[in-house]
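For reference, the structure is listed below as structure tokens.
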Amino acid sequence: MKAIRGVLNYLSNGGVKYVFGIPAGSVNAFFDELYDIPEMTPIVTKHEGAASYMAAAYAKYSESLSVCIGCSGPGGTNLVTGAANAMREHLPLLFLTGAVPVHTNGLNASQELNAQPIYESVTKYSVTVKNSSELLPTIVKAVEIALTGIPGPVHVAVPIDVQLDLIDDPDIPAFPNVKVQEPDLEIINKVVEKISEHQDGIIFVGQGARGAVNQVIELAELLNMSILTTPQAKGLIRDDHPLFKGVFGFAGHEEASILVNEGSGDTLLVIGSSLGETATNNWNPNLTKNRHVIQVDIDESVFNRKYYVDLPVVGDTKLSLQALITEVKKRITDKHIYSYREQPFEDNQDIKEFNSQNVLVALQKLLPDTTRYTIDIGEFMSYVIHYMHVKAPHTFDINVHFGAMGTGIGSAIGSKLAEPERDVVCITGDGCFFMHGMEILTAKEYQLPIVFVVMNNARLGMVYHGHNLQYQRSHSRFEQQPVSISAMADSLGVRSARVQRLDDITLELIHFLRLENGPVVLEVELVDHNTPPMGDRVKFLSSFGK
């Protein structure tokens with residue numbers, strides 16, 4: 001068989017259902033073999049960058065290995081942003097890139113590029129295979145690295161001739177048994193001893209807690225500790241839980257900010273957050289001031305980066321919290337009783353004005369509570385974080401961590417493939433749409449019923465507001481001539497509607513959008529001159545160059 005067929009048999013046996021990417025000369029052998037493997041479907045995208053975002057979201061929500069492929073040269077470089085994003089989110093992705101034949105290295109072959117060093121800083125492992133006998137063992141090693149320890153992306157470059165070499169039928173190994181890291185019970189007991197004595201405490205939840213939401217809530221209820229989330233973790237904890245005090249960090253909530261800044265709580269229990277810039281409101285020193293800091297994370301490199309940690313707990317988040325809960329129950333006998341608020345989602349703001357805040361709130365009222373919103377990068381993102389409600393767990397995908405424009409569009413597709421029964425709504429902007437909006441056509445080709453809400457203000461909104469706040473002026477070229485995105489969608493054969501006033505958002509509109517067996521575009525034509533709730537982001541940027 002061809003060497004590349006052994007790789008595909010291994011991936012198929014391991015349960016890989018989709019391969020995201022674009023066929024081209026240096027990876028044609030890979031795609032040709034897929035004809036004979038119906039269990040694996042190629043998701044052929046319009047841009048490799050978007051393919052990497054789809055693959056990342058698929059890995060996140062399927063909780064499995066995802067595979068993404070690009071040709072040598074530009075295809076491989078287009079995937080690098082997605083690899084960097086997956087590295088930040090600890091997502092197991094196998095990036096495969098084509099390469100020129102081994103004997104043509106250094107001869108300026110078409111699309112020649114040494115991709116291995118490019119990927120080294122944004123993956124756990126990057127290698128070039130130069131012999132067909134080494135191809136399958138190298139892929140097996142890469143997959144094991146991606147799935148074990150701290151999950152993350154890996155990269156293997158495969159020259160054309162290596163893919164096509166004929167080899168004896170190999171024994172196909174099984175996928176690795178993933179063993180999650182258990183916490184040190186001695187450390188767990190020290191943590192429990194400390195938190196059992198606390199007078200008042202805060203649990204600060206990051207995206208690393210996405211697999212342990214129930215455990216976070218159970219521990220908080222046992223200890224009667226307030227819960228805050230980072231912007232990236234919005235969507236994990238329902239807003240109506242009485243212990244939840246909101247989002248702290250970029251575009252966060254006043255109640256959360258008061259809790260942190262006014263010194264409430266003698267203990268800070270950080271779960272699954274690296275305590276980066278957007279999570280901590282630009283590394284606000286008040287977060288840990290006069291507090292005993294306990295940090296739980298699978299990645300020990302996050303400890304003591306910016307904040308001193310009194311008790312670091314290294315281990316799988318879910319296992320660590322389960323161990324904490326077991327030990328806490330031995331010490332605490334008076335269980336607190338909590339009930340969800342009966343009317344948790346009241347909107348006090350004036351809903352008459354046609355602005356970003358009211359549009360998003362009005363849309364959410366008409367959509368199912370379990371809808372997942374994949375949020376792109378733009379001024380609308382801050383309104384989403386600040387004003388949209390979390391009505392069910394795992395309902396927001398916000399990539400403020402790495403912040404690549406257009407990620408929300410690809411993430412919607414990856415999310416829908418991973419969880420077909422869940423309603424998915426992408427909230428994006430015209431700037432992001434012009435980067436990766438053609439992936440709506442990909443959603444059409446695979447009949448994925450996703451609602452793409454495009455906030456069209458004919459400008460780079462975040463840049464416009466940021467410059468006006470930081471420099472008191474904004475370059476005219478940050479704005480553009482208005483373009484009808486709904487007309488563009490119509491030209492692609494995609495159902496669309498346009499909103500030009502708040503009264504346009506009705507239940508009939510939602511029914512119209514959800515009738516289609518495929519994607520739909522809802523264009524919101526709105527120039528909002530209100531200042532987005534960005535928190536202290538602008539103050540932080542303004543502190544430089546003084």
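A note on labels: chains of the structure tokens are A, B, ... as shown, every chain counts residues from 1, and ligands are counted from 1 in their shown order.
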Identify, with DSSP run on backbone atoms, the residues in segment 377-452 of chain A assigned to helix (DSSP H, G or I), and express the list as JSON, numbers by chain.
{"A": [379, 380, 381, 382, 383, 384, 385, 386, 387, 407, 408, 409, 410, 411, 412, 413, 414, 415, 416, 417, 418, 430, 431, 432, 433, 434, 435, 436, 439, 440, 441, 442, 443, 444, 445]}
Need the shell around Asp299 of chain A: protein/DNA/RNA residues with any atom at most 8 Å away, counting only C-alpha atoms. Skip same-chain ones fewer than 4 positions apart. Format as number ranges by chain?
A: 150, 314-315
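Look at Ile187 of chain A: the protein and nucleic acid residues within 9 Å of it, using only C-alpha atoms and passing over chain neighbours fewer than 4 places away, are Pro183, Val191, Val192, Leu311, Pro312 and Val313 of chain A.
Here the question is which of A:Arg88, A:Arg291, A:Lys190, A:Arg498 gets nearest to Ala56 of chain A using only C-alpha atoms, and that residue is A:Arg88.
Remark: for Thr267 of chain A, the closest of the candidate residues A:Asp334, A:Asp376, A:Glu197, A:Glu254 is A:Glu197 (distances computed over only C-alpha atoms).
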For Phe30 of chain A: contacts at 12 Å, only C-alpha atoms, fewer than 4 positions along chain excluded, given as a PyMOL selection string:
chain A and resi 2-9+19+21-26+34-37+40+42+68-71+96-98+158-164
Each residue of segment 206-273 of chain A lying at most 9 Å from segment 292-295 of chain A should get a row with its shortest atom-to-atom pair and the distance in Å to one decimal, counting only C-alpha atoms; could you produce that, ordered by chain and increasing number, as CSV?
```
residue,atom,partner,partner_atom,distance
A:Asp266,CA,A:His292,CA,6.2
A:Thr267,CA,A:His292,CA,4.7
A:Leu268,CA,A:Val293,CA,4.9
A:Leu269,CA,A:Ile294,CA,4.8
A:Val270,CA,A:Gln295,CA,4.5
A:Ile271,CA,A:Gln295,CA,6.1
A:Gly272,CA,A:Gln295,CA,7.9
A:Ser273,CA,A:Gln295,CA,8.3
```
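Minimum atom-to-atom distance to Ile485 of chain A, evaluated using only C-alpha atoms, belongs to A:Val524 out of A:Met435, A:Val400, A:Val524, A:Met225.
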When you look at Thr371 of chain A with a cut-off of 9 Å (counting only C-alpha atoms), what residues show up, excluding the ones that are within fewer than 4 positions of it in the same chain? I need them as a VMD selection string.
chain A and resid 364 367 392 395 to 396 422 to 425
Polymer residues at most 10 Å from His253 of chain A, only C-alpha atoms, same-chain spacing of 4 or more positions, as a PyMOL selection string:
chain A and resi 228+245-249+257-258+385-387+533+535
Any chance you could list, as JSON, numbers by chain, the residues in segment 411-440 of chain A that come up strand (DSSP E or B) when DSSP is run on the backbone?
{"A": [424, 425, 426, 427, 428, 429]}
Would you mind exporting the chosen residues as an mmCIF file, in the first residue's frame, restricted to N, CA, C and O atoms?
```cif
data_model
loop_
_atom_site.group_PDB
_atom_site.id
_atom_site.type_symbol
_atom_site.label_atom_id
_atom_site.label_comp_id
_atom_site.auth_asym_id
_atom_site.auth_seq_id
_atom_site.Cartn_x
_atom_site.Cartn_y
_atom_site.Cartn_z
ATOM 1 N N VAL A 424 -26.553 26.368 16.771
ATOM 2 C CA VAL A 424 -25.328 27.161 16.755
ATOM 3 C C VAL A 424 -25.591 28.477 16.043
ATOM 4 O O VAL A 424 -26.139 28.502 14.931
ATOM 5 N N VAL A 425 -25.213 29.563 16.715
ATOM 6 C CA VAL A 425 -25.328 30.908 16.143
ATOM 7 C C VAL A 425 -23.955 31.563 16.209
ATOM 8 O O VAL A 425 -23.358 31.656 17.280
ATOM 9 N N CYS A 426 -23.464 31.991 15.065
ATOM 10 C CA CYS A 426 -22.205 32.739 15.016
ATOM 11 C C CYS A 426 -22.520 34.227 15.017
ATOM 12 O O CYS A 426 -23.356 34.692 14.243
ATOM 13 N N ILE A 427 -21.867 34.953 15.915
ATOM 14 C CA ILE A 427 -21.999 36.421 15.915
ATOM 15 C C ILE A 427 -20.665 36.985 15.442
ATOM 16 O O ILE A 427 -19.636 36.834 16.105
ATOM 17 N N THR A 428 -20.699 37.600 14.283
ATOM 18 C CA THR A 428 -19.490 38.103 13.663
ATOM 19 C C THR A 428 -19.732 39.532 13.176
ATOM 20 O O THR A 428 -20.813 40.086 13.341
ATOM 21 N N GLY A 429 -18.700 40.129 12.613
ATOM 22 C CA GLY A 429 -18.813 41.495 12.102
ATOM 23 C C GLY A 429 -18.421 41.546 10.647
ATOM 24 O O GLY A 429 -17.920 40.566 10.074
#
```
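Distance check against Glu89 of chain A using only C-alpha atoms: of A:Gln199, A:Gln207, A:Ser133, A:Ser476, the minimum falls on A:Gln207.
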Nearest to His47 of chain A by atom-to-atom distance, counting only C-alpha atoms, from A:Asn224, A:Gln215, A:Asn131, A:Thr442:
A:Thr442
Selection: 12 Å around Tyr119 of chain A, only C-alpha atoms, excl. self and same-chain fewer than 6 positions, as a ChimeraX atom specification
/A:76-84,86-87,94-97,113,125-128,153-157
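For the pair atom CA of Gly201 of chain A and atom CA of Arg331 of chain A, the separation is 16.8 Å.
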Atom CA of Val361 of chain A and atom CA of Asp503 of chain A are how many Å apart?
12.9 Å
